[in-house]
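**Q** Structure: query-v5.txt, compact mmCIF, C-alpha atoms and all ligand atoms.
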# COMPACT_ATOMS: atom_id res chain seq x y z
CA MET Q 1 -18.48 -4.16 11.62
CA SER Q 2 -21.61 -6.27 11.09
CA ALA Q 3 -20.93 -8.96 8.50
CA SER Q 4 -23.09 -10.15 5.62
CA LEU Q 5 -24.37 -13.69 5.88
CA SER Q 6 -23.46 -14.97 2.42
CA ARG Q 7 -19.66 -14.69 2.35
CA PRO Q 8 -16.96 -15.53 4.89
CA ARG Q 9 -15.28 -12.68 6.72
CA VAL Q 10 -11.72 -11.74 5.79
CA GLY Q 11 -8.96 -10.50 8.09
CA VAL Q 12 -6.87 -7.39 7.38
CA TRP Q 13 -3.79 -7.32 9.60
CA LEU Q 14 -2.14 -3.89 9.58
CA ILE Q 15 1.55 -3.54 10.47
CA GLY Q 16 1.66 -0.01 11.91
CA ALA Q 17 -1.96 -0.37 13.04
CA ARG Q 18 -1.95 2.82 15.13
CA GLY Q 19 -0.51 5.06 12.40
CA SER Q 20 -2.35 7.73 10.40
CA VAL Q 21 -2.97 5.55 7.34
CA ALA Q 22 -4.13 2.54 9.38
CA THR Q 23 -6.43 4.63 11.58
CA THR Q 24 -7.97 6.25 8.48
CA VAL Q 25 -8.43 2.81 6.90
CA VAL Q 26 -10.27 1.42 9.93
CA THR Q 27 -12.37 4.55 10.50
CA GLY Q 28 -13.19 4.89 6.80
CA CYS Q 29 -14.17 1.25 6.37
CA ALA Q 30 -16.51 1.42 9.36
CA ALA Q 31 -18.01 4.72 8.17
CA ILE Q 32 -18.63 3.43 4.63
CA ALA Q 33 -20.00 0.12 5.92
CA ALA Q 34 -22.43 2.07 8.13
CA GLY Q 35 -23.54 4.17 5.15
CA LEU Q 36 -22.17 7.38 6.66
CA HIS Q 37 -19.98 8.17 3.63
CA PRO Q 38 -19.73 7.06 0.01
CA PRO Q 39 -16.63 5.02 -0.94
CA THR Q 40 -14.92 7.92 -2.75
CA GLY Q 41 -11.48 6.91 -4.02
CA MET Q 42 -12.12 3.15 -3.86
CA VAL Q 43 -11.64 1.73 -7.34
CA THR Q 44 -12.92 -1.69 -6.23
CA GLU Q 45 -16.32 -0.15 -5.47
CA THR Q 46 -16.83 0.81 -9.14
CA ALA Q 47 -18.91 -1.17 -11.64
CA ALA Q 48 -15.80 -2.76 -13.21
CA PHE Q 49 -15.28 -4.87 -10.07
CA THR Q 50 -18.84 -5.84 -9.13
CA GLY Q 51 -18.36 -9.36 -10.52
CA SER Q 52 -14.88 -9.93 -9.06
CA GLY Q 53 -16.05 -11.72 -5.93
CA LEU Q 54 -14.27 -9.31 -3.60
CA PRO Q 55 -15.01 -9.41 0.11
CA ALA Q 56 -17.57 -6.78 1.11
CA LEU Q 57 -16.39 -3.95 3.36
CA PRO Q 58 -18.59 -5.01 6.32
CA ASP Q 59 -16.92 -8.45 6.10
CA LEU Q 60 -13.42 -7.10 6.81
CA VAL Q 61 -12.07 -7.77 10.31
CA PHE Q 62 -9.09 -5.66 11.36
CA GLY Q 63 -6.18 -6.30 13.67
CA GLY Q 64 -2.48 -5.58 13.60
CA HIS Q 65 0.87 -4.84 15.19
CA ASP Q 66 2.29 -1.54 16.39
CA THR Q 67 5.14 -0.50 18.63
CA LEU Q 68 3.06 2.41 20.03
CA ASP Q 69 0.26 1.93 22.53
CA CYS Q 70 -1.88 5.03 21.86
CA PRO Q 71 -5.52 3.77 21.71
CA LEU Q 72 -7.06 3.85 18.23
CA PRO Q 73 -10.02 6.08 19.24
CA LYS Q 74 -7.48 8.65 20.51
CA ARG Q 75 -5.52 8.48 17.22
CA ALA Q 76 -8.79 9.02 15.35
CA GLU Q 77 -9.53 12.00 17.60
CA SER Q 78 -6.21 13.64 16.76
CA LEU Q 79 -6.72 12.95 13.03
CA THR Q 80 -10.11 14.65 13.35
CA ALA Q 81 -8.50 17.64 15.05
CA GLY Q 82 -5.98 17.77 12.17
CA GLY Q 83 -8.78 17.82 9.59
CA VAL Q 84 -7.86 14.40 8.16
CA LEU Q 85 -11.13 12.80 9.32
CA PRO Q 86 -14.37 14.76 8.94
CA PRO Q 87 -15.99 15.90 12.21
CA GLY Q 88 -18.23 13.34 13.87
CA VAL Q 89 -17.09 10.24 11.98
CA ALA Q 90 -14.65 8.95 14.59
CA THR Q 91 -17.30 9.41 17.30
CA ALA Q 92 -19.90 7.63 15.17
CA VAL Q 93 -17.66 4.57 14.74
CA ASN Q 94 -16.08 4.69 18.21
CA ALA Q 95 -17.29 1.16 19.08
CA GLU Q 96 -15.64 -0.26 15.92
CA LEU Q 97 -12.39 1.58 16.66
CA ALA Q 98 -12.38 0.26 20.24
CA ALA Q 99 -12.99 -3.29 18.95
CA VAL Q 100 -10.07 -3.06 16.50
CA ASP Q 101 -7.90 -1.55 19.24
CA ARG Q 102 -8.34 -4.77 21.22
CA GLU Q 103 -6.95 -6.69 18.22
CA ILE Q 104 -3.66 -4.77 18.07
CA ARG Q 105 -0.64 -6.63 19.43
CA PRO Q 106 2.76 -5.22 20.43
CA GLY Q 107 5.07 -5.03 17.43
CA GLY Q 108 8.81 -5.08 17.42
CA PRO Q 109 11.62 -4.79 17.80
CA ALA Q 110 10.79 -2.19 20.49
CA PRO Q 111 13.67 -0.31 22.14
CA GLY Q 112 15.39 -2.68 24.58
CA ASP Q 113 13.76 -5.73 22.93
CA THR Q 114 16.18 -8.62 23.48
CA ARG Q 115 14.35 -11.08 21.23
CA GLY Q 116 16.27 -12.36 18.23
CA GLU Q 117 14.96 -12.49 14.66
CA THR Q 118 13.58 -16.02 14.94
CA GLU Q 119 11.74 -15.24 18.17
CA LEU Q 120 10.21 -12.10 16.67
CA ILE Q 121 9.04 -13.92 13.54
CA THR Q 122 7.54 -16.68 15.69
CA ALA Q 123 5.78 -14.17 17.97
CA PHE Q 124 4.33 -12.22 15.01
CA ALA Q 125 3.17 -15.42 13.26
CA ASP Q 126 1.58 -16.66 16.50
CA ASP Q 127 -0.35 -13.38 16.82
CA LEU Q 128 -1.61 -13.82 13.26
CA ARG Q 129 -2.66 -17.44 13.78
CA ASP Q 130 -4.41 -16.49 17.01
CA PHE Q 131 -6.33 -13.74 15.14
CA LEU Q 132 -7.36 -16.14 12.38
CA HIS Q 133 -8.41 -18.76 14.89
CA ARG Q 134 -10.36 -16.51 17.28
CA HIS Q 135 -12.34 -14.91 14.45
CA GLU Q 136 -12.71 -18.17 12.51
CA LEU Q 137 -11.22 -16.54 9.42
CA GLU Q 138 -10.18 -18.52 6.37
CA ARG Q 139 -7.67 -15.86 5.44
CA ALA Q 140 -6.14 -12.56 6.54
CA VAL Q 141 -4.13 -10.21 4.36
CA VAL Q 142 -1.11 -8.65 6.08
CA VAL Q 143 -0.64 -5.03 4.98
CA ASN Q 144 2.49 -3.11 5.89
CA VAL Q 145 1.64 0.52 6.69
CA ALA Q 146 4.39 1.01 9.29
CA SER Q 147 6.95 3.84 9.31
CA THR Q 148 9.35 3.82 6.36
CA GLU Q 149 12.63 2.14 7.26
CA PRO Q 150 16.06 3.28 6.12
CA ALA Q 151 17.34 1.30 3.12
CA SER Q 152 18.42 -2.15 4.31
CA PRO Q 153 22.14 -2.81 4.95
CA GLY Q 154 22.05 -5.62 2.35
CA PRO Q 155 21.43 -9.36 2.34
CA ASP Q 156 24.11 -10.10 4.96
CA GLY Q 157 22.98 -7.51 7.54
CA PRO Q 158 20.25 -7.97 10.15
CA LEU Q 159 16.77 -8.44 8.73
CA PRO Q 160 14.72 -5.22 8.76
CA ALA Q 161 11.51 -5.34 10.82
CA SER Q 162 9.41 -5.16 7.61
CA THR Q 163 11.04 -8.42 6.46
CA LEU Q 164 10.45 -10.09 9.83
CA TYR Q 165 6.74 -9.30 9.44
CA ALA Q 166 6.75 -10.53 5.83
CA LEU Q 167 8.32 -13.81 6.96
CA ALA Q 168 5.73 -14.08 9.75
CA ALA Q 169 2.96 -13.59 7.19
CA LEU Q 170 4.38 -16.44 5.08
CA ARG Q 171 4.70 -18.65 8.11
CA ALA Q 172 1.08 -18.03 9.09
CA GLY Q 173 -0.06 -18.68 5.49
CA CYS Q 174 -1.18 -15.08 4.92
CA PRO Q 175 -0.98 -13.08 1.67
CA TYR Q 176 1.02 -9.87 2.04
CA VAL Q 177 0.92 -6.28 0.74
CA ASN Q 178 3.73 -3.76 1.22
CA PHE Q 179 2.28 -0.24 1.05
CA THR Q 180 5.61 1.30 2.12
CA PRO Q 181 9.04 1.61 0.46
CA SER Q 182 10.53 -0.65 3.16
CA GLU Q 183 12.12 -3.89 2.05
CA GLY Q 184 9.53 -6.38 3.33
CA MET Q 185 9.13 -9.26 0.86
CA HIS Q 186 11.81 -7.72 -1.43
CA HIS Q 187 14.58 -8.92 0.88
CA PRO Q 188 16.24 -11.97 -0.72
CA VAL Q 189 15.56 -14.11 2.35
CA ALA Q 190 11.83 -13.35 2.20
CA ALA Q 191 11.69 -13.50 -1.62
CA ARG Q 192 13.13 -17.06 -1.48
CA GLU Q 193 10.59 -18.08 1.17
CA ALA Q 194 7.76 -16.44 -0.80
CA GLU Q 195 8.58 -18.54 -3.86
CA ARG Q 196 8.21 -21.66 -1.79
CA GLY Q 197 5.19 -20.37 0.16
CA GLY Q 198 2.72 -20.31 -2.73
CA LEU Q 199 1.05 -17.14 -1.47
CA PRO Q 200 0.19 -13.97 -3.39
CA HIS Q 201 1.96 -10.74 -2.46
CA ALA Q 202 2.00 -7.19 -3.75
CA GLY Q 203 4.04 -4.02 -3.43
CA ARG Q 204 5.61 -1.67 -3.02
CA ASP Q 205 4.98 1.87 -1.78
CA GLY Q 206 1.50 3.24 -2.44
CA LYS Q 207 1.21 5.67 -5.36
CA THR Q 208 -0.98 8.41 -3.91
CA GLY Q 209 0.15 11.89 -5.02
CA GLN Q 210 3.26 13.18 -6.76
CA THR Q 211 4.07 9.81 -8.34
CA LEU Q 212 0.44 9.30 -9.36
CA LEU Q 213 0.66 12.56 -11.30
CA ARG Q 214 4.02 11.56 -12.79
CA ALA Q 215 2.48 8.28 -14.02
CA VAL Q 216 -0.06 10.35 -15.98
CA LEU Q 217 2.21 13.15 -17.19
CA GLY Q 218 5.22 10.98 -18.12
CA PRO Q 219 3.28 9.09 -20.86
CA MET Q 220 1.84 12.41 -22.10
CA PHE Q 221 5.32 13.85 -22.74
CA ALA Q 222 6.46 10.58 -24.33
CA GLN Q 223 3.39 10.21 -26.57
CA ARG Q 224 3.56 13.85 -27.76
CA THR Q 225 7.33 13.38 -28.35
CA LEU Q 226 8.17 16.38 -26.18
CA THR Q 227 11.71 16.12 -24.83
CA VAL Q 228 11.84 16.33 -21.05
CA ARG Q 229 15.18 17.91 -20.08
CA ALA Q 230 14.68 18.07 -16.32
CA TRP Q 231 12.05 16.96 -13.81
CA SER Q 232 12.56 18.22 -10.27
CA GLY Q 233 10.32 17.76 -7.27
CA THR Q 234 10.00 18.97 -3.71
CA ASN Q 235 7.65 17.61 -1.06
CA LEU Q 236 6.68 19.34 2.17
CA LEU Q 237 4.90 17.21 4.75
CA GLY Q 238 4.57 16.64 8.50
CA GLY Q 239 2.96 13.87 10.56
CA GLY Q 240 4.68 10.60 11.43
CA ASP Q 241 5.60 10.02 7.79
CA GLY Q 242 7.27 13.44 7.54
CA ALA Q 243 9.27 12.72 10.70
CA ALA Q 244 10.34 9.26 9.45
CA LEU Q 245 11.36 10.68 6.06
CA ALA Q 246 13.47 13.38 7.72
CA ASP Q 247 16.04 10.56 8.01
CA PRO Q 248 18.00 10.81 4.72
CA ALA Q 249 18.27 7.02 4.51
CA ALA Q 250 14.47 6.62 4.71
CA ALA Q 251 13.95 9.45 2.21
CA ALA Q 252 16.39 7.77 -0.19
CA ALA Q 253 14.28 4.58 -0.08
CA LYS Q 254 11.15 6.64 -0.88
CA ASN Q 255 12.73 8.69 -3.67
CA ALA Q 256 14.04 5.65 -5.53
CA GLY Q 257 10.41 4.63 -6.21
CA LYS Q 258 9.41 8.17 -7.22
CA GLU Q 259 12.21 8.35 -9.81
CA ARG Q 260 11.50 4.91 -11.28
CA VAL Q 261 8.23 6.03 -12.85
CA LEU Q 262 10.05 8.73 -14.87
CA ALA Q 263 12.70 6.33 -16.14
CA ASP Q 264 9.99 3.82 -17.09
CA THR Q 265 7.57 6.23 -18.80
CA LEU Q 266 10.10 8.53 -20.51
CA GLY Q 267 12.61 5.81 -21.38
CA THR Q 268 15.40 7.96 -19.96
CA VAL Q 269 16.22 9.58 -16.64
CA PRO Q 270 15.96 13.37 -16.92
CA GLN Q 271 18.01 15.73 -14.79
CA GLY Q 272 16.54 16.76 -11.46
CA GLU Q 273 16.08 15.38 -7.99
CA VAL Q 274 13.29 14.77 -5.50
CA HIS Q 275 13.48 16.33 -2.05
CA ILE Q 276 11.33 15.62 0.99
CA ASP Q 277 11.19 18.23 3.77
CA ASP Q 278 9.64 17.50 7.15
CA VAL Q 279 7.38 20.42 8.13
CA PRO Q 280 5.63 19.26 11.34
CA ALA Q 281 3.15 22.17 11.22
CA LEU Q 282 1.60 20.69 8.03
CA GLY Q 283 0.61 17.46 9.80
CA ASP Q 284 -0.80 14.94 7.34
CA TRP Q 285 -1.18 17.54 4.57
CA LYS Q 286 1.37 17.31 1.83
CA THR Q 287 2.40 19.85 -0.80
CA ALA Q 288 4.30 18.38 -3.74
CA TRP Q 289 5.74 20.73 -6.34
CA ASP Q 290 7.06 19.45 -9.65
CA HIS Q 291 9.01 21.58 -12.13
CA ILE Q 292 9.32 20.04 -15.60
CA ALA Q 293 11.58 21.64 -18.23
CA PHE Q 294 10.85 20.35 -21.74
CA ASP Q 295 11.58 21.11 -25.38
CA GLY Q 296 8.92 21.45 -28.06
CA PHE Q 297 9.00 21.91 -31.87
CA LEU Q 298 12.33 23.33 -33.11
CA GLY Q 299 13.73 23.04 -29.59
CA THR Q 300 11.48 25.75 -28.11
CA ARG Q 301 11.98 25.63 -24.34
CA MET Q 302 8.96 25.36 -22.09
CA ILE Q 303 8.11 24.68 -18.44
CA LEU Q 304 5.24 22.86 -16.74
CA GLN Q 305 4.82 23.29 -12.99
CA THR Q 306 2.33 21.33 -10.87
CA ILE Q 307 1.37 21.80 -7.23
CA TRP Q 308 -0.33 18.88 -5.52
CA GLN Q 309 -1.90 19.60 -2.13
CA GLY Q 310 -3.25 16.43 -0.66
CA CYS Q 311 -4.21 14.81 2.61
CA ASP Q 312 -1.90 11.82 2.63
CA SER Q 313 -3.92 9.38 4.73
CA ALA Q 314 -7.17 10.21 2.92
CA LEU Q 315 -5.40 9.40 -0.36
CA ALA Q 316 -3.83 6.21 0.97
CA ALA Q 317 -6.75 4.64 2.87
CA PRO Q 318 -8.99 3.73 -0.09
CA LEU Q 319 -5.98 2.16 -1.85
CA VAL Q 320 -5.21 0.03 1.20
CA LEU Q 321 -8.83 -1.18 1.30
CA ASP Q 322 -8.74 -1.94 -2.45
CA LEU Q 323 -5.46 -3.84 -2.11
CA ALA Q 324 -6.65 -5.87 0.87
CA ARG Q 325 -9.81 -6.94 -0.97
CA LEU Q 326 -8.04 -7.75 -4.27
CA THR Q 327 -5.23 -9.67 -2.57
CA ALA Q 328 -7.67 -11.62 -0.39
CA ARG Q 329 -9.64 -12.61 -3.47
CA ALA Q 330 -6.43 -13.53 -5.35
CA HIS Q 331 -5.57 -15.83 -2.44
CA GLU Q 332 -9.04 -17.35 -2.50
CA ALA Q 333 -8.63 -17.91 -6.27
CA GLY Q 334 -5.40 -19.84 -5.69
CA MET Q 335 -3.01 -17.26 -7.14
CA SER Q 336 0.53 -17.09 -5.87
CA GLY Q 337 3.65 -15.00 -6.25
CA PRO Q 338 3.95 -11.28 -6.95
CA LEU Q 339 0.72 -9.72 -8.24
CA GLY Q 340 2.10 -7.54 -11.03
CA ALA Q 341 -1.40 -6.50 -12.13
CA LEU Q 342 -1.67 -4.34 -9.02
CA GLY Q 343 1.03 -1.96 -10.37
CA PHE Q 344 -1.73 0.70 -10.64
CA TYR Q 345 -1.40 1.16 -6.88
CA PHE Q 346 2.40 1.25 -6.46
CA LYS Q 347 5.35 3.55 -7.07
CA ASP Q 348 7.74 0.63 -7.42
CA PRO Q 349 5.62 -2.28 -8.64
CA VAL Q 350 6.88 -5.81 -8.87
CA GLY Q 351 7.55 -7.13 -12.39
CA ASP Q 352 7.92 -5.23 -15.63
CA GLY Q 353 4.32 -4.26 -16.34
CA PRO Q 354 3.29 -0.91 -17.85
CA SER Q 355 4.25 2.28 -15.97
CA GLY Q 356 1.62 4.65 -17.38
CA LEU Q 357 -1.48 4.92 -15.20
CA ALA Q 358 -3.96 4.37 -18.06
CA GLN Q 359 -2.43 1.01 -19.05
CA GLN Q 360 -2.05 0.03 -15.41
CA TYR Q 361 -5.76 0.70 -14.93
CA GLU Q 362 -6.62 -1.49 -17.93
CA GLU Q 363 -4.46 -4.27 -16.52
CA LEU Q 364 -6.19 -3.95 -13.16
CA VAL Q 365 -9.64 -4.19 -14.75
CA ARG Q 366 -8.56 -7.34 -16.65
CA PHE Q 367 -7.30 -8.75 -13.36
CA GLY Q 368 -10.67 -7.99 -11.73
CA ARG Q 369 -12.38 -9.87 -14.56
CA ARG Q 370 -10.13 -12.89 -14.06
CA LEU Q 371 -10.88 -12.85 -10.35
CA GLY Q 372 -14.57 -12.99 -11.22
CA GLU Q 373 -14.01 -16.02 -13.46
CA ALA Q 374 -12.02 -17.93 -10.84
CA ASP Q 375 -13.64 -20.37 -8.45
CA GLY Q 376 -14.75 -18.85 -5.17
CA GLY Q 377 -13.25 -20.41 -2.12
CA ASP Q 378 -12.03 -23.54 -3.86
CA ARG Q 379 -8.40 -22.75 -3.34
CA GLY Q 380 -5.93 -24.66 -5.42
CA THR Q 381 -8.39 -26.41 -7.73
CA ARG Q 382 -8.28 -23.64 -10.29
CA ALA Q 383 -4.94 -21.94 -10.20
CA VAL Q 384 -5.10 -18.69 -12.14
CA ARG Q 385 -1.50 -18.18 -13.05
CA ASP Q 386 -1.53 -16.98 -16.61
CA THR Q 387 1.12 -14.33 -16.19
CA GLU Q 388 0.10 -12.19 -19.15
CA GLU Q 389 -3.59 -12.08 -18.47
CA THR Q 390 -3.76 -12.16 -14.69
CA GLY Q 391 -0.69 -10.11 -13.95
CA GLY Q 392 0.51 -12.90 -11.66
CA ALA Q 393 4.19 -13.67 -11.13
CA ARG Q 394 6.26 -12.10 -13.88
N1 LIG Q 401 -0.07 8.40 3.14
C1 LIG Q 401 0.38 8.20 1.94
O1 LIG Q 401 -0.03 8.86 1.00
C2 LIG Q 401 1.39 7.12 1.73
C3 LIG Q 401 1.73 6.78 0.43
C4 LIG Q 401 2.65 5.77 0.22
C5 LIG Q 401 3.24 5.14 1.31
N2 LIG Q 401 2.91 5.49 2.57
C6 LIG Q 401 3.62 4.82 3.66
O2 LIG Q 401 2.71 4.34 4.62
C7 LIG Q 401 3.40 4.24 5.87
C8 LIG Q 401 2.51 4.78 6.97
O3 LIG Q 401 2.32 6.17 6.84
P1 LIG Q 401 1.63 6.96 8.04
O4 LIG Q 401 1.42 8.35 7.55
O5 LIG Q 401 0.48 6.19 8.56
O6 LIG Q 401 2.80 6.97 9.13
P2 LIG Q 401 2.64 7.04 10.71
O7 LIG Q 401 3.96 7.48 11.23
O8 LIG Q 401 1.44 7.82 11.09
O9 LIG Q 401 2.35 5.52 11.14
C9 LIG Q 401 3.32 4.53 11.14
C10 LIG Q 401 3.02 3.57 12.29
O10 LIG Q 401 3.98 2.51 12.22
C11 LIG Q 401 4.32 2.15 13.54
N3 LIG Q 401 5.56 1.37 13.55
C12 LIG Q 401 6.83 1.81 13.41
N4 LIG Q 401 7.72 0.78 13.49
C13 LIG Q 401 6.97 -0.33 13.68
C14 LIG Q 401 7.29 -1.71 13.85
N5 LIG Q 401 8.54 -2.15 13.81
N6 LIG Q 401 6.27 -2.56 14.02
C15 LIG Q 401 4.97 -2.15 14.06
N7 LIG Q 401 4.62 -0.85 13.92
C16 LIG Q 401 5.60 0.03 13.72
C17 LIG Q 401 4.41 3.50 14.25
O11 LIG Q 401 4.36 3.34 15.67
C18 LIG Q 401 3.19 4.22 13.68
O12 LIG Q 401 2.04 4.00 14.47
C19 LIG Q 401 4.73 4.98 5.70
O13 LIG Q 401 5.77 4.05 5.49
C20 LIG Q 401 4.49 5.78 4.43
O14 LIG Q 401 5.71 6.07 3.74
C21 LIG Q 401 2.00 6.46 2.80
Would you give me this structure, written as structure tokens?
**A**
Amino acid sequence: MSASLSRPRVGVWLIGARGSVATTVVTGCAAIAAGLHPPTGMVTETAAFTGSGLPALPDLVFGGHDTLDCPLPKRAESLTAGGVLPPGVATAVNAELAAVDREIRPGGPAPGDTRGETELITAFADDLRDFLHRHELERAVVVNVASTEPASPGPDGPLPASTLYALAALRAGCPYVNFTPSEGMHHPVAAREAERGGLPHAGRDGKTGQTLLRAVLGPMFAQRTLTVRAWSGTNLLGGGDGAALADPAAAAAKNAGKERVLADTLGTVPQGEVHIDDVPALGDWKTAWDHIAFDGFLGTRMILQTIWQGCDSALAAPLVLDLARLTARAHEAGMSGPLGALGFYFKDPVGDGPSGLAQQYEELVRFGRRLGEADGGDRGTRAVRDTEETGGAR
């Protein structure tokens, strides 16, 4: 991607760099930067963020880790065949995809990998430093978009891969975003290191469909004082994410985040469960059905049903680009710790900020304003840590 002259380029290091979300991020960024498509779905491209000092899309340099070795242009081809990417776009940005492909390093632990935790962290951190050095980047944001892991065995078990990558990010001095429900920086070992590391981080699990709708509808029921008796949901999806979530332990990690928004917006946990079914034939297209049983005036019983039919990676990619830009700028502005003001983007946000989407949006816009007021590039001289106003560590 050809860079602008005025601002330094910024790295975006994707864990799971050959996955559907990552491939859509890279293809989409190149297509928007080339003027082939408008930035639909990118909140950071709206007028509210023009003064925030965010890195421009052509200034983003991508790399990453993956345990697969399928070339990125081939992944983009299969996403085009599946209708995720519009025809012609992957071909138009083939050179950019090939360039990013050369920046993807083997992830881990791969089957048969005999390296221990320390060796893996060191190898991942070395890859990151090498990327920063070769591209002469002041910073790179590490974004986890790898397959969802089963819930971790607890603080005394082996560290999950997502946490090894989070520790590598800290070691290489990189801010970190967890777009998945995996433990990552939430693991106590990484959380302790993060406190010492003085780096901003955000998470977790992107809010792209069913939970996005819940974050809008939950406040509506609460504000109209309608009593929600039960809220049940079923998701049908395929693709790599569908296959990973067919594992009940991985699905449990995902569903915990989906249920949190109801507890937070309604103030109580209604009856009902969330189910995720893997339907490989659907590919990246997800159908989410919600059935909400509620009581109105004099206890009159009513039902709301919603059907969300979305293309998962097309919903996720603009959020990943927004998060990378906002987190890079927060790092440049000297912020550290969990970025609670980014709760707008997550199912299970850090801190105890608002859970309704409208208030989360307001908080995000305030955060964008604070980013604009902070010094550019003069890291550390103007720490912006006012927890209330910036949504920093809470
Ligand atoms: N698409 C959405 O709407 C959405 C929303 C929220 C969260 N997410 C999360 O984003 C993640 C990615 O989704 P996807 O659809 O791209 O999945 P995907 O299966 O297409 O891609 C995941 C990639 O991660 C790689 N990977 C697995 N283990 C790894 C490891 N240890 N190191 C490095 N790479 C590894 C896989 O090889 C694969 O290329 C999932 O965890 C999903 O739950 C997606």
**Q** So that I can see what lies close to Q:Val43, please list as a ChimeraX atom specification the residues with an atom at most 10 Å from it, counting only C-alpha atoms and leaving out residues fewer than 3 positions away in the same chain.
**A** /Q:39-40,46-49,318-319,321-323,361,364-365
**Q** I need the residue nearest Q:Asp69 from this list: Q:Val84, Q:Leu97, Q:Leu342, Q:Ala17. Use only C-alpha atoms for the distance.
**A**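 Of Q:Val84, Q:Leu97, Q:Leu342, Q:Ala17, the one nearest Q:Asp69 is Q:Ala17, counting only C-alpha atoms.
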**Q** Identify which of the residues Q:Ala243, Q:Ala22, Q:Ala253, Q:Leu304 lies closest to Q:Asp277, counting all atoms listed in the file when measuring atom-to-atom distances.
**A** Q:Ala243
**Q** Give me the residues near Q:Pro55 as a list in words, where near means some atom within 10 Å (using only C-alpha atoms) and where sequence neighbours in that chain fewer than 5 positions away do not count.
**A**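 Selected residues are Ser4, Arg7, Pro8, Arg9, Val10, Leu60, Ala324, Arg325, Leu326, Ala328 and Arg329 of chain Q.
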**Q** Hey, which residues sit close to ligand LIG 401 (chain Q)? Say within 8 Å, counting only C-alpha atoms and all ligand atoms, and write them as a PyMOL selection string.
**A** chain Q and resi 15-23+65-68+106-110+144-149+161-162+179-182+205-209+239-245+254+284+311-317
**Q** Deliver the residues from the most recent selection as a file, using C-alpha atoms, as a short mmCIF file (atom, residue, chain, number, x, y, z; two decimals), in the frame of the given file.
**A**
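Result went into selection-v6.cif, see below:
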data_model
loop_
_atom_site.label_atom_id
_atom_site.label_comp_id
_atom_site.auth_asym_id
_atom_site.auth_seq_id
_atom_site.Cartn_x
_atom_site.Cartn_y
_atom_site.Cartn_z
CA ILE Q 15 1.55 -3.54 10.47
CA GLY Q 16 1.66 -0.01 11.91
CA ALA Q 17 -1.96 -0.37 13.04
CA ARG Q 18 -1.95 2.82 15.13
CA GLY Q 19 -0.51 5.06 12.40
CA SER Q 20 -2.35 7.73 10.40
CA VAL Q 21 -2.97 5.55 7.34
CA ALA Q 22 -4.13 2.54 9.38
CA THR Q 23 -6.43 4.63 11.58
CA HIS Q 65 0.87 -4.84 15.19
CA ASP Q 66 2.29 -1.54 16.39
CA THR Q 67 5.14 -0.50 18.63
CA LEU Q 68 3.06 2.41 20.03
CA PRO Q 106 2.76 -5.22 20.43
CA GLY Q 107 5.07 -5.03 17.43
CA GLY Q 108 8.81 -5.08 17.42
CA PRO Q 109 11.62 -4.79 17.80
CA ALA Q 110 10.79 -2.19 20.49
CA ASN Q 144 2.49 -3.11 5.89
CA VAL Q 145 1.64 0.52 6.69
CA ALA Q 146 4.39 1.01 9.29
CA SER Q 147 6.95 3.84 9.31
CA THR Q 148 9.35 3.82 6.36
CA GLU Q 149 12.63 2.14 7.26
CA ALA Q 161 11.51 -5.34 10.82
CA SER Q 162 9.41 -5.16 7.61
CA PHE Q 179 2.28 -0.24 1.05
CA THR Q 180 5.61 1.30 2.12
CA PRO Q 181 9.04 1.61 0.46
CA SER Q 182 10.53 -0.65 3.16
CA ASP Q 205 4.98 1.87 -1.78
CA GLY Q 206 1.50 3.24 -2.44
CA LYS Q 207 1.21 5.67 -5.36
CA THR Q 208 -0.98 8.41 -3.91
CA GLY Q 209 0.15 11.89 -5.02
CA GLY Q 239 2.96 13.87 10.56
CA GLY Q 240 4.68 10.60 11.43
CA ASP Q 241 5.60 10.02 7.79
CA GLY Q 242 7.27 13.44 7.54
CA ALA Q 243 9.27 12.72 10.70
CA ALA Q 244 10.34 9.26 9.45
CA LEU Q 245 11.36 10.68 6.06
CA LYS Q 254 11.15 6.64 -0.88
CA ASP Q 284 -0.80 14.94 7.34
CA CYS Q 311 -4.21 14.81 2.61
CA ASP Q 312 -1.90 11.82 2.63
CA SER Q 313 -3.92 9.38 4.73
CA ALA Q 314 -7.17 10.21 2.92
CA LEU Q 315 -5.40 9.40 -0.36
CA ALA Q 316 -3.83 6.21 0.97
CA ALA Q 317 -6.75 4.64 2.87
#
**Q** Residues within 10 Å of Q:Leu159, please, as a PDB file with C-alpha atoms, keeping the file's coordinate frame. Count all atoms listed in the file; anything in the same chain fewer than 3 positions from it doesn't count.
**A**
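Below is the file that was written, selection_39.pdb:
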ATOM      1  CA  GLU Q 117      14.960 -12.490  14.660  1.00  0.00           C
ATOM      2  CA  SER Q 152      18.420  -2.150   4.310  1.00  0.00           C
ATOM      3  CA  PRO Q 153      22.140  -2.810   4.950  1.00  0.00           C
ATOM      4  CA  GLY Q 154      22.050  -5.620   2.350  1.00  0.00           C
ATOM      5  CA  PRO Q 155      21.430  -9.360   2.340  1.00  0.00           C
ATOM      6  CA  ASP Q 156      24.110 -10.100   4.960  1.00  0.00           C
ATOM      7  CA  SER Q 162       9.410  -5.160   7.610  1.00  0.00           C
ATOM      8  CA  THR Q 163      11.040  -8.420   6.460  1.00  0.00           C
ATOM      9  CA  LEU Q 164      10.450 -10.090   9.830  1.00  0.00           C
ATOM     10  CA  GLU Q 183      12.120  -3.890   2.050  1.00  0.00           C
ATOM     11  CA  GLY Q 184       9.530  -6.380   3.330  1.00  0.00           C
ATOM     12  CA  HIS Q 187      14.580  -8.920   0.880  1.00  0.00           C
ATOM     13  CA  VAL Q 189      15.560 -14.110   2.350  1.00  0.00           C
ATOM     14  CA  ALA Q 190      11.830 -13.350   2.200  1.00  0.00           C
TER      15      ALA Q 190
END
